[in-house]
file my_file-v2.cif (mmCIF, C-alpha atoms and all ligand atoms)
data_model
#
loop_
_atom_site.group_PDB
_atom_site.id
_atom_site.type_symbol
_atom_site.label_atom_id
_atom_site.label_comp_id
_atom_site.auth_asym_id
_atom_site.auth_seq_id
_atom_site.Cartn_x
_atom_site.Cartn_y
_atom_site.Cartn_z
ATOM 1 C CA MET A 3 3.182 -19.938 -0.309
ATOM 2 C CA ALA A 4 -0.557 -19.712 -1.039
ATOM 3 C CA THR A 5 -1.056 -23.068 0.766
ATOM 4 C CA SER A 6 0.834 -21.917 3.871
ATOM 5 C CA GLY A 7 -1.176 -18.666 3.847
ATOM 6 C CA ALA A 8 -4.418 -20.621 3.620
ATOM 7 C CA ASN A 9 -3.216 -22.899 6.487
ATOM 8 C CA THR A 10 -2.470 -19.848 8.631
ATOM 9 C CA SER A 11 -5.906 -18.510 7.860
ATOM 10 C CA ASN A 12 -7.504 -21.871 8.756
ATOM 11 C CA ASN A 13 -5.545 -22.038 12.038
ATOM 12 C CA LEU A 14 -6.841 -18.599 12.933
ATOM 13 C CA MET A 15 -10.381 -19.734 12.160
ATOM 14 C CA VAL A 16 -9.970 -22.832 14.321
ATOM 15 C CA GLY A 17 -8.592 -20.672 17.149
ATOM 16 C CA ALA A 18 -11.550 -18.276 16.930
ATOM 17 C CA ASN A 19 -13.936 -21.206 16.805
ATOM 18 C CA SER A 20 -12.459 -22.834 19.886
ATOM 19 C CA PHE A 21 -12.637 -19.544 21.760
ATOM 20 C CA PHE A 22 -16.361 -19.262 21.107
ATOM 21 C CA VAL A 23 -17.011 -22.913 21.941
ATOM 22 C CA ILE A 24 -15.263 -22.408 25.313
ATOM 23 C CA ILE A 25 -17.463 -19.365 25.986
ATOM 24 C CA VAL A 26 -20.591 -21.394 25.177
ATOM 25 C CA PHE A 27 -19.411 -24.179 27.439
ATOM 26 C CA ILE A 28 -18.781 -21.777 30.314
ATOM 27 C CA LEU A 29 -22.158 -20.124 29.796
ATOM 28 C CA ASP A 30 -23.888 -23.471 29.833
ATOM 29 C CA ILE A 31 -22.230 -24.656 33.031
ATOM 30 C CA ASN A 32 -22.347 -21.433 35.040
ATOM 31 C CA LEU A 33 -25.825 -20.093 34.308
ATOM 32 C CA PRO A 34 -27.516 -19.782 37.719
ATOM 33 C CA PRO A 35 -30.828 -21.673 38.080
ATOM 34 C CA VAL A 36 -32.887 -18.472 38.549
ATOM 35 C CA ARG A 37 -31.473 -16.874 35.391
ATOM 36 C CA ALA A 38 -31.826 -20.134 33.486
ATOM 37 C CA LYS A 39 -35.553 -20.033 34.262
ATOM 38 C CA THR A 40 -35.839 -16.329 33.396
ATOM 39 C CA TYR A 41 -34.404 -16.760 29.920
ATOM 40 C CA PRO A 42 -36.040 -19.053 27.343
ATOM 41 C CA SER A 43 -33.321 -21.639 27.733
ATOM 42 C CA SER A 44 -29.533 -21.839 27.915
ATOM 43 C CA GLY A 45 -29.856 -24.402 25.083
ATOM 44 C CA ILE A 46 -31.342 -21.762 22.767
ATOM 45 C CA ILE A 47 -28.535 -19.348 23.618
ATOM 46 C CA LYS A 48 -26.046 -22.077 22.884
ATOM 47 C CA LEU A 49 -27.738 -22.829 19.552
ATOM 48 C CA CYS A 50 -27.753 -19.140 18.541
ATOM 49 C CA LEU A 51 -24.100 -18.810 19.430
ATOM 50 C CA LEU A 52 -23.203 -21.944 17.488
ATOM 51 C CA ILE A 53 -25.056 -20.623 14.402
ATOM 52 C CA THR A 54 -23.209 -17.295 14.782
ATOM 53 C CA ILE A 55 -19.914 -19.172 15.072
ATOM 54 C CA CYS A 56 -20.620 -21.099 11.879
ATOM 55 C CA MET A 57 -21.435 -17.866 10.003
ATOM 56 C CA LEU A 58 -18.373 -16.093 11.402
ATOM 57 C CA ASP A 59 -16.277 -19.122 10.524
ATOM 58 C CA SER A 60 -17.170 -18.804 6.816
ATOM 59 C CA LEU A 61 -16.893 -15.017 6.886
ATOM 60 C CA TYR A 62 -13.412 -15.075 8.481
ATOM 61 C CA LEU A 63 -12.296 -17.668 5.951
ATOM 62 C CA VAL A 64 -13.426 -15.518 3.007
ATOM 63 C CA ILE A 65 -11.909 -12.315 4.493
ATOM 64 C CA GLY A 66 -8.642 -14.124 5.241
ATOM 65 C CA GLN A 67 -8.425 -15.460 1.684
ATOM 66 C CA ILE A 68 -9.202 -12.013 0.192
ATOM 67 C CA ILE A 69 -6.446 -10.400 2.303
ATOM 68 C CA ILE A 70 -3.911 -13.077 1.353
ATOM 69 C CA TYR A 71 -4.719 -12.835 -2.381
ATOM 70 C CA PHE A 72 -4.627 -9.020 -2.208
ATOM 71 C CA LEU A 73 -1.182 -9.098 -0.555
ATOM 72 C CA LEU A 74 0.100 -11.624 -3.092
ATOM 73 C CA ILE A 75 -1.134 -9.549 -6.042
ATOM 74 C CA THR A 76 0.381 -6.373 -4.517
ATOM 75 C CA VAL A 77 3.786 -8.030 -3.993
ATOM 76 C CA VAL A 78 3.871 -9.535 -7.509
ATOM 77 C CA THR A 79 2.771 -6.225 -9.119
ATOM 78 C CA THR A 80 5.304 -4.220 -7.073
ATOM 79 C CA VAL A 81 8.163 -6.515 -8.095
ATOM 80 C CA SER A 82 7.037 -6.443 -11.756
ATOM 81 C CA ILE A 83 6.871 -2.634 -11.768
ATOM 82 C CA ALA A 84 10.295 -2.378 -10.087
ATOM 83 C CA ILE A 85 11.786 -4.631 -12.782
ATOM 84 C CA PHE A 86 10.084 -2.564 -15.477
ATOM 85 C CA VAL A 87 11.396 0.703 -13.966
ATOM 86 C CA ILE A 88 14.981 -0.607 -14.010
ATOM 87 C CA TYR A 89 14.534 -1.898 -17.580
ATOM 88 C CA SER A 90 13.123 1.462 -18.799
ATOM 89 C CA PHE A 91 15.800 3.448 -16.958
ATOM 90 C CA ARG A 92 18.601 1.416 -18.526
ATOM 91 C CA THR A 93 17.210 1.044 -22.062
ATOM 92 C CA GLY A 94 15.171 4.256 -22.433
ATOM 93 C CA THR A 95 12.203 2.308 -23.834
ATOM 94 C CA PHE A 96 8.734 2.852 -22.411
ATOM 95 C CA PRO A 97 6.092 0.485 -23.784
ATOM 96 C CA PHE A 98 2.451 1.049 -22.688
ATOM 97 C CA PRO A 99 3.328 4.376 -21.016
ATOM 98 C CA ASN A 100 -0.207 5.172 -19.773
ATOM 99 C CA VAL A 101 -0.729 1.777 -18.144
ATOM 100 C CA VAL A 102 2.733 1.618 -16.630
ATOM 101 C CA LEU A 103 2.545 5.195 -15.365
ATOM 102 C CA SER A 104 -0.753 4.450 -13.589
ATOM 103 C CA GLY A 105 0.787 1.313 -12.053
ATOM 104 C CA ILE A 106 3.891 3.147 -10.814
ATOM 105 C CA LEU A 107 1.860 6.001 -9.333
ATOM 106 C CA ALA A 108 -0.531 3.578 -7.586
ATOM 107 C CA LEU A 109 2.338 1.607 -5.995
ATOM 108 C CA GLU A 110 5.021 4.327 -5.879
ATOM 109 C CA GLY A 111 5.605 3.965 -2.120
ATOM 110 C CA SER A 112 5.975 0.161 -2.274
ATOM 111 C CA VAL A 113 8.244 0.283 -5.345
ATOM 112 C CA LYS A 114 10.532 2.863 -3.699
ATOM 113 C CA ALA A 115 10.581 0.820 -0.473
ATOM 114 C CA LEU A 116 11.622 -2.243 -2.499
ATOM 115 C CA PHE A 117 14.436 -0.222 -4.121
ATOM 116 C CA ARG A 118 15.652 0.959 -0.710
ATOM 117 C CA LEU A 119 15.468 -2.612 0.610
ATOM 118 C CA PHE A 120 17.926 -3.700 -2.107
ATOM 119 C CA LYS A 121 20.044 -0.535 -1.638
ATOM 120 C CA VAL A 122 19.122 0.826 -5.096
ATOM 121 C CA ASP A 123 18.754 4.594 -5.606
ATOM 122 C CA ASP A 124 14.973 5.195 -5.527
ATOM 123 C CA SER A 125 15.264 8.457 -7.501
ATOM 124 C CA ILE A 126 15.292 6.146 -10.536
ATOM 125 C CA VAL A 127 11.539 5.778 -9.981
ATOM 126 C CA ASP A 128 11.051 9.582 -10.174
ATOM 127 C CA ASP A 129 13.218 9.745 -13.289
ATOM 128 C CA VAL A 130 11.145 7.092 -15.043
ATOM 129 C CA VAL A 131 7.888 8.759 -13.940
ATOM 130 C CA ILE A 132 9.104 12.062 -15.457
ATOM 131 C CA ARG A 133 10.068 10.402 -18.731
ATOM 132 C CA LEU A 134 6.752 8.541 -18.892
ATOM 133 C CA ARG A 135 4.788 11.721 -18.197
ATOM 134 C CA ASN A 136 6.795 13.510 -20.927
ATOM 135 C CA LYS A 137 6.073 10.710 -23.359
ATOM 136 C CA VAL A 138 2.356 10.841 -22.590
ATOM 137 C CA SER A 139 2.132 14.675 -22.811
ATOM 138 C CA LEU A 140 4.608 15.519 -25.589
ATOM 139 C CA LYS A 141 2.215 15.139 -28.534
ATOM 140 C CA ARG A 142 -0.427 17.363 -26.925
ATOM 141 C CA PHE A 143 2.240 19.894 -25.888
ATOM 142 C CA GLU A 144 3.598 20.092 -29.422
ATOM 143 C CA SER A 145 0.161 20.406 -30.990
ATOM 144 C CA LEU A 146 -0.602 23.710 -29.239
ATOM 145 C CA PRO A 147 0.516 27.134 -30.512
ATOM 146 C CA PHE A 148 3.297 28.957 -28.637
ATOM 147 C CA GLU A 149 0.910 31.667 -27.396
ATOM 148 C CA LYS A 150 -1.043 29.161 -25.312
ATOM 149 C CA LYS A 151 1.977 27.701 -23.572
ATOM 150 C CA ALA A 152 4.080 28.726 -20.585
ATOM 151 C CA ILE A 153 7.702 28.017 -19.706
ATOM 152 C CA PHE A 154 8.969 27.919 -16.129
ATOM 153 C CA LEU A 155 12.716 28.280 -15.567
ATOM 154 C CA PRO A 156 14.254 27.849 -12.104
ATOM 155 C CA GLN A 157 15.959 30.824 -10.482
ATOM 156 C CA CYS A 158 18.984 28.642 -9.655
ATOM 157 C CA LEU A 159 19.991 28.890 -13.350
ATOM 158 C CA ARG A 160 20.808 32.573 -12.800
ATOM 159 C CA SER A 161 24.270 33.973 -12.299
ATOM 160 C CA VAL A 162 25.232 34.497 -8.645
ATOM 161 C CA ASP A 163 25.602 38.193 -9.569
ATOM 162 C CA CYS A 164 22.101 38.446 -11.049
ATOM 163 C CA PRO A 165 20.794 41.990 -10.670
ATOM 164 C CA ALA A 166 17.121 41.032 -11.344
ATOM 165 C CA LYS A 167 14.482 42.002 -8.806
ATOM 166 C CA LEU A 168 11.745 39.782 -7.445
ATOM 167 C CA SER A 169 8.128 40.684 -8.220
ATOM 168 C CA SER A 170 4.737 39.013 -7.965
ATOM 169 C CA GLU A 171 5.374 37.731 -11.542
ATOM 170 C CA GLY A 172 8.613 36.016 -10.526
ATOM 171 C CA ILE A 173 12.221 37.103 -11.032
ATOM 172 C CA GLN A 174 12.239 40.068 -13.447
ATOM 173 C CA CYS A 175 15.186 39.287 -15.743
ATOM 174 C CA ILE A 176 16.721 42.349 -17.414
ATOM 175 C CA ASN A 177 18.828 40.286 -19.849
ATOM 176 C CA CYS A 178 22.091 41.516 -18.389
ATOM 177 C CA GLY A 179 24.020 38.792 -20.231
ATOM 178 C CA ARG A 180 25.457 37.144 -17.119
ATOM 179 C CA CYS A 181 23.500 33.918 -17.724
ATOM 180 C CA ASN A 182 21.522 32.177 -20.497
ATOM 181 C CA ILE A 183 18.101 32.985 -19.063
ATOM 182 C CA GLY A 184 17.977 36.514 -20.507
ATOM 183 C CA GLY A 185 18.583 35.449 -24.130
ATOM 184 C CA ALA A 186 16.290 32.429 -23.852
ATOM 185 C CA LYS A 187 13.470 34.479 -22.333
ATOM 186 C CA GLU A 188 13.691 37.087 -25.082
ATOM 187 C CA LYS A 189 13.670 34.538 -27.950
ATOM 188 C CA LEU A 190 10.856 32.459 -26.475
ATOM 189 C CA GLU A 191 8.684 35.473 -25.672
ATOM 190 C CA GLN A 192 9.129 36.625 -29.293
ATOM 191 C CA LEU A 193 7.723 33.252 -30.359
ATOM 192 C CA GLY A 194 4.713 33.832 -28.120
ATOM 193 C CA TYR A 195 5.538 31.813 -24.997
ATOM 194 C CA MET A 196 4.810 33.106 -21.501
ATOM 195 C CA VAL A 197 8.181 32.754 -19.750
ATOM 196 C CA PHE A 198 8.622 32.878 -15.981
ATOM 197 C CA VAL A 199 11.692 32.635 -13.771
ATOM 198 C CA VAL A 200 10.380 30.770 -10.743
ATOM 199 C CA PRO A 201 11.268 32.048 -7.259
ATOM 200 C CA GLY A 202 9.494 29.271 -5.306
ATOM 201 C CA SER A 203 7.279 26.201 -5.577
ATOM 202 C CA SER A 204 3.902 27.900 -4.912
ATOM 203 C CA PHE A 205 4.595 30.401 -7.722
ATOM 204 C CA ILE A 206 3.778 27.932 -10.534
ATOM 205 C CA LYS A 207 0.328 27.183 -9.160
ATOM 206 C CA ARG A 208 -0.395 30.916 -8.858
ATOM 207 C CA MET A 209 0.644 31.579 -12.467
ATOM 208 C CA ILE A 210 -1.395 28.616 -13.734
ATOM 209 C CA LEU A 211 -4.470 30.018 -12.015
ATOM 210 C CA LYS A 212 -3.752 33.548 -13.259
ATOM 211 C CA TYR A 213 -2.737 32.939 -16.912
ATOM 212 C CA LYS A 214 -4.360 29.531 -17.530
ATOM 213 C CA PRO A 215 -1.724 28.155 -19.954
ATOM 214 C CA GLU A 216 -2.891 25.157 -21.987
ATOM 215 C CA ALA A 217 0.486 23.435 -21.878
ATOM 216 C CA ILE A 218 3.669 23.855 -19.855
ATOM 217 C CA LEU A 219 7.375 23.271 -20.273
ATOM 218 C CA GLY A 220 9.238 23.216 -16.966
ATOM 219 C CA VAL A 221 12.884 22.987 -15.972
ATOM 220 C CA GLY A 222 14.206 21.981 -12.560
ATOM 221 C CA CYS A 223 15.912 19.371 -10.423
ATOM 222 C CA ILE A 224 14.392 15.893 -10.411
ATOM 223 C CA SER A 225 12.082 16.448 -7.421
ATOM 224 C CA GLU A 226 10.920 19.877 -8.667
ATOM 225 C CA VAL A 227 10.162 18.530 -12.132
ATOM 226 C CA LYS A 228 8.270 15.555 -10.739
ATOM 227 C CA ASP A 229 6.229 17.735 -8.352
ATOM 228 C CA GLY A 230 5.590 20.227 -11.172
ATOM 229 C CA LEU A 231 4.380 17.498 -13.543
ATOM 230 C CA ASP A 232 2.145 16.068 -10.793
ATOM 231 C CA LEU A 233 0.690 19.550 -10.244
ATOM 232 C CA CYS A 234 0.024 20.034 -13.983
ATOM 233 C CA HIS A 235 -1.564 16.578 -14.125
ATOM 234 C CA ARG A 236 -3.950 17.601 -11.315
ATOM 235 C CA PHE A 237 -4.881 20.710 -13.352
ATOM 236 C CA GLY A 238 -5.290 18.552 -16.485
ATOM 237 C CA ILE A 239 -2.547 20.489 -18.305
ATOM 238 C CA PRO A 240 -0.159 18.565 -20.585
ATOM 239 C CA ALA A 241 3.335 19.284 -19.330
ATOM 240 C CA VAL A 242 6.862 18.365 -20.290
ATOM 241 C CA GLY A 243 9.713 18.481 -17.786
ATOM 242 C CA ILE A 244 13.444 18.827 -18.428
ATOM 243 C CA GLN A 245 15.868 17.981 -15.651
ATOM 244 C CA LEU A 246 18.869 20.155 -14.845
ATOM 245 C CA ASP A 247 22.270 18.672 -15.627
ATOM 246 C CA THR A 248 23.564 19.684 -12.206
ATOM 247 C CA ASP A 249 21.407 20.125 -9.129
ATOM 248 C CA GLY A 250 21.958 22.697 -6.407
ATOM 249 C CA CYS A 251 20.645 26.033 -5.267
ATOM 250 C CA ILE A 252 22.926 28.316 -7.337
ATOM 251 C CA SER A 253 24.555 28.363 -10.785
ATOM 252 C CA THR A 254 23.016 25.109 -11.937
ATOM 253 C CA ALA A 255 23.465 23.851 -15.496
ATOM 254 C CA LEU A 256 20.981 22.953 -18.217
ATOM 255 C CA ASP A 257 21.375 21.249 -21.575
ATOM 256 C CA TRP A 258 20.056 24.236 -23.539
ATOM 257 C CA GLY A 259 20.096 22.209 -26.779
ATOM 258 C CA VAL A 260 17.534 19.752 -25.401
ATOM 259 C CA PHE A 261 15.540 22.648 -23.958
ATOM 260 C CA TYR A 262 15.352 24.583 -27.265
ATOM 261 C CA ASN A 263 14.533 21.417 -29.219
ATOM 262 C CA THR A 264 11.537 20.808 -26.989
ATOM 263 C CA ALA A 265 10.465 24.458 -26.830
ATOM 264 C CA HIS A 266 10.731 25.034 -30.583
ATOM 265 C CA HIS A 267 9.105 21.825 -31.653
ATOM 266 C CA THR A 268 5.398 22.519 -32.117
ATOM 267 C CA ALA A 269 2.854 21.827 -34.784
ATOM 268 C CA LYS A 270 3.107 25.507 -35.728
ATOM 269 C CA ALA A 271 6.889 25.279 -36.085
ATOM 270 C CA ASP A 272 6.457 22.220 -38.299
ATOM 271 C CA LYS A 273 3.846 24.061 -40.352
ATOM 272 C CA ASN A 274 6.053 27.145 -40.753
ATOM 273 C CA ALA A 275 9.015 24.965 -41.699
ATOM 274 C CA SER A 276 7.011 23.127 -44.346
ATOM 275 C CA GLU A 277 5.571 26.446 -45.675
ATOM 276 C CA SER A 278 9.047 27.995 -45.992
ATOM 277 C CA SER A 279 10.390 24.861 -47.691
ATOM 278 C CA HIS A 280 7.554 25.049 -50.235
ATOM 279 C CA SER A 281 8.043 28.757 -50.997
HETATM 280 S S1 LIG B 301 20.331 37.355 -17.655
HETATM 281 FE FE1 LIG B 301 18.568 37.764 -16.342
HETATM 282 S S2 LIG B 301 18.472 36.079 -14.956
HETATM 283 FE FE2 LIG B 301 20.492 35.996 -15.890
HETATM 284 S S3 LIG B 301 21.777 37.106 -14.465
HETATM 285 FE FE3 LIG B 301 21.054 38.604 -15.953
HETATM 286 S S4 LIG B 301 19.189 39.460 -15.082
HETATM 287 FE FE4 LIG B 301 19.678 37.623 -13.936
#

call {"tool": "encode", "arguments": {"input": "my_file-v2.cif", "output": "structure tokens", "more": "lines below"}}
Ligand code: SF4
result
Amino acid sequence: MATSGANTSNNLMVGANSFFVIIVFILDINLPPVRAKTYPSSGIIKLCLLITICMLDSLYLVIGQIIIYFLLITVVTTVSIAIFVIYSFRTGTFPFPNVVLSGILALEGSVKALFRLFKVDDSIVDDVVIRLRNKVSLKRFESLPFEKKAIFLPQCLRSVDCPAKLSSEGIQCINCGRCNIGGAKEKLEQLGYMVFVVPGSSFIKRMILKYKPEAILGVGCISEVKDGLDLCHRFGIPAVGIQLDTDGCISTALDWGVFYNTAHHTAKADKNASESSHS
């Protein structure tokens, strides 16, 4: 494949070369006598052009080879990452998470295009990105005290009969008991968390700027979680995302066990647990 690419590149060079030689030939033949006397010599022009052609010849060859090698490396890396994504998705193992995450994010468009080409669901890529980001951020998230962390819950988890009002601080839950948000919000706020029920995507950015949490736990559908984690990454905030069990705009479902495990598990919780076991 590399040889055929190099041949193509050489053919292009030869074509360009021939084009310039023809121009020189035409110039040489058609220069009128008066102009030929005016200029130093048509021979000098021809020589200059031939030198330029030689330089361009080498330059085109180098550029052509660079482009071909770049394309080859991109294709091989894209295929490798796609294979890795499928392997991680199926086995749940994520070796070298930082390196792989950088690779996926750099070639995300190409990897998704490759998935679509082979009629594979490209949301797998988002799922693996979320799990990799969680793996990278979890330690830092857990090391911070509850008071410095924020939790964002999606409004679609509410009951369809939710009586809560919307304010500039999000949906104001009154713990009416119609859904799990009320109880969760109360328990987590007692621990020290800032808890928000998110009415829309721009809300999270506004709360980050206002309250400056040092770590974030977010819940949402796959695209919301991925966008939220990307946003936190841009702000340099370690964030962990938990996907909803069922997507949709109303009455969605969450594995509250997984959620509480993540929310409760901090260095402080470990410390308290070890202190109470010693007393
Ligand atoms: S518990 Fe809160 S969020 Fe859930 S329905 Fe009641 S007021 Fe709405």

call {"tool": "residues_near_point", "arguments": {"input": "my_file-v2.cif", "point": "(-5.8, 21.7, -9.1)", "cutoff": "12 Å", "atoms": "all atoms listed in the file", "output": "PyMOL selection string"}}
result
chain A and resi 206-208+210-211+214+230-239

call {"tool": "resolve_selection", "arguments": {"input": "my_file-v2.cif", "expression": "the PyMOL selection byres (((chain A and resi 255) around 12) and not hetatm)", "output": "list of chain:residue names"}}
result
A:Leu155, A:Pro156, A:Gln157, A:Cys158, A:Leu159, A:Arg160, A:Ser161, A:Cys181, A:Asn182, A:Ile183, A:Val221, A:Gly222, A:Cys223, A:Ile244, A:Gln245, A:Leu246, A:Asp247, A:Thr248, A:Asp249, A:Gly250, A:Cys251, A:Ile252, A:Ser253, A:Thr254, A:Leu256, A:Asp257, A:Trp258, A:Gly259, A:Phe261

call {"tool": "resolve_selection", "arguments": {"input": "my_file-v2.cif", "expression": "the PyMOL selection byres (((not hetatm)) within 9 of (chain B and resi 301))", "output": "PyMOL selection string"}}
result
chain A and resi 157+159-167+173-187+199

call {"tool": "atom_distance", "arguments": {"input": "my_file-v2.cif", "atom1": "CA of Ala241 (chain A)", "atom2": "CA of Thr76 (chain A)"}}
result
29.8 Å

call {"tool": "axis_aligned_box", "arguments": {"input": "my_file-v2.cif", "around": "region 75-94 of chain A", "padding_each_side": "4 Å", "output": "AutoDock Vina command-line options"}}
result
--center_x 8.7 --center_y -2.6 --center_z -13.2 --size_x 27.7 --size_y 21.8 --size_z 26.4

call {"tool": "resolve_selection", "arguments": {"input": "my_file-v2.cif", "expression": "the PyMOL selection byres (((chain A and resi 134) around 12) and not hetatm)", "output": "ChimeraX atom specification"}}
result
/A:87,90-91,94-107,127-133,135-140,228,231-232,241-243

call {"tool": "closest_residue", "arguments": {"input": "my_file-v2.cif", "among": "A:Asp59, A:Ala217, A:Glu226, A:Phe117", "to": "Glu144 (chain A)", "atoms": "all atoms listed in the file"}}
result
A:Ala217

call {"tool": "closest_residue", "arguments": {"input": "my_file-v2.cif", "among": "A:Ile153, A:Ala115, A:Ile47, A:Met196", "to": "Ile218 (chain A)", "atoms": "all atoms listed in the file"}}
result
A:Ile153

call {"tool": "atom_distance", "arguments": {"input": "my_file-v2.cif", "atom1": "CA of His267 (chain A)", "atom2": "CA of Tyr89 (chain A)"}}
result
28.1 Å

call {"tool": "closest_residue", "arguments": {"input": "my_file-v2.cif", "among": "A:Leu219, A:Val78, A:Ile224, A:Ala84", "to": "Ser125 (chain A)", "atoms": "only C-alpha atoms"}}
result
A:Ile224

call {"tool": "atom_distance", "arguments": {"input": "my_file-v2.cif", "atom1": "CA of Asn263 (chain A)", "atom2": "CA of Phe143 (chain A)"}}
result
12.8 Å

call {"tool": "residues_around", "arguments": {"input": "my_file-v2.cif", "residues": "Phe120 (chain A)", "least_positions_apart": "6", "cutoff": "12 Å", "atoms": "only C-alpha atoms", "output": "list in words"}}
result
Val81, Ala84, Val113 and Lys114 of chain A

call {"tool": "write_last_selection", "arguments": {"input": "my_file-v2.cif", "atoms": "C-alpha atoms", "output": "PDB file, in the frame of the given file"}}
result
ATOM      1  CA  VAL A  81       8.163  -6.515  -8.095  1.00  0.00           C
ATOM      2  CA  ALA A  84      10.295  -2.378 -10.087  1.00  0.00           C
ATOM      3  CA  VAL A 113       8.244   0.283  -5.345  1.00  0.00           C
ATOM      4  CA  LYS A 114      10.532   2.863  -3.699  1.00  0.00           C
TER       5      LYS A 114
END

call {"tool": "decode", "arguments": {"input": "my_file-v2.cif", "residues": "region 181-217 of chain A", "atoms": "C-alpha atoms", "output": "PDB file, in the first residue's frame"}}
result
ATOM      1  CA  CYS A 181     -40.112  10.754  43.497  1.00  0.00           C
ATOM      2  CA  ASN A 182     -36.682   9.835  44.919  1.00  0.00           C
ATOM      3  CA  ILE A 183     -35.124  13.248  44.340  1.00  0.00           C
ATOM      4  CA  GLY A 184     -36.573  14.801  47.509  1.00  0.00           C
ATOM      5  CA  GLY A 185     -35.145  12.171  49.891  1.00  0.00           C
ATOM      6  CA  ALA A 186     -31.802  12.039  48.085  1.00  0.00           C
ATOM      7  CA  LYS A 187     -31.435  15.824  48.099  1.00  0.00           C
ATOM      8  CA  GLU A 188     -32.153  16.024  51.822  1.00  0.00           C
ATOM      9  CA  LYS A 189     -29.666  13.263  52.779  1.00  0.00           C
ATOM     10  CA  LEU A 190     -26.899  14.566  50.530  1.00  0.00           C
ATOM     11  CA  GLU A 191     -27.320  18.176  51.645  1.00  0.00           C
ATOM     12  CA  GLN A 192     -27.057  16.976  55.268  1.00  0.00           C
ATOM     13  CA  LEU A 193     -23.698  15.447  54.338  1.00  0.00           C
ATOM     14  CA  GLY A 194     -22.590  18.800  52.946  1.00  0.00           C
ATOM     15  CA  TYR A 195     -23.116  18.411  49.193  1.00  0.00           C
ATOM     16  CA  MET A 196     -24.541  21.203  47.050  1.00  0.00           C
ATOM     17  CA  VAL A 197     -27.433  19.490  45.244  1.00  0.00           C
ATOM     18  CA  PHE A 198     -29.139  20.919  42.168  1.00  0.00           C
ATOM     19  CA  VAL A 199     -32.031  19.675  40.056  1.00  0.00           C
ATOM     20  CA  VAL A 200     -31.036  20.774  36.568  1.00  0.00           C
ATOM     21  CA  PRO A 201     -33.641  22.464  34.350  1.00  0.00           C
ATOM     22  CA  GLY A 202     -31.403  22.861  31.267  1.00  0.00           C
ATOM     23  CA  SER A 203     -27.898  22.405  29.884  1.00  0.00           C
ATOM     24  CA  SER A 204     -26.621  25.983  30.438  1.00  0.00           C
ATOM     25  CA  PHE A 205     -27.604  25.773  34.129  1.00  0.00           C
ATOM     26  CA  ILE A 206     -24.595  23.622  35.122  1.00  0.00           C
ATOM     27  CA  LYS A 207     -22.093  26.101  33.727  1.00  0.00           C
ATOM     28  CA  ARG A 208     -23.826  28.944  35.590  1.00  0.00           C
ATOM     29  CA  MET A 209     -23.722  27.057  38.903  1.00  0.00           C
ATOM     30  CA  ILE A 210     -20.063  26.110  38.398  1.00  0.00           C
ATOM     31  CA  LEU A 211     -19.202  29.770  37.898  1.00  0.00           C
ATOM     32  CA  LYS A 212     -21.343  30.843  40.862  1.00  0.00           C
ATOM     33  CA  TYR A 213     -20.471  28.196  43.504  1.00  0.00           C
ATOM     34  CA  LYS A 214     -17.086  26.989  42.193  1.00  0.00           C
ATOM     35  CA  PRO A 215     -17.392  23.333  43.313  1.00  0.00           C
ATOM     36  CA  GLU A 216     -14.090  21.442  43.383  1.00  0.00           C
ATOM     37  CA  ALA A 217     -15.622  18.191  42.175  1.00  0.00           C
TER      38      ALA A 217
END
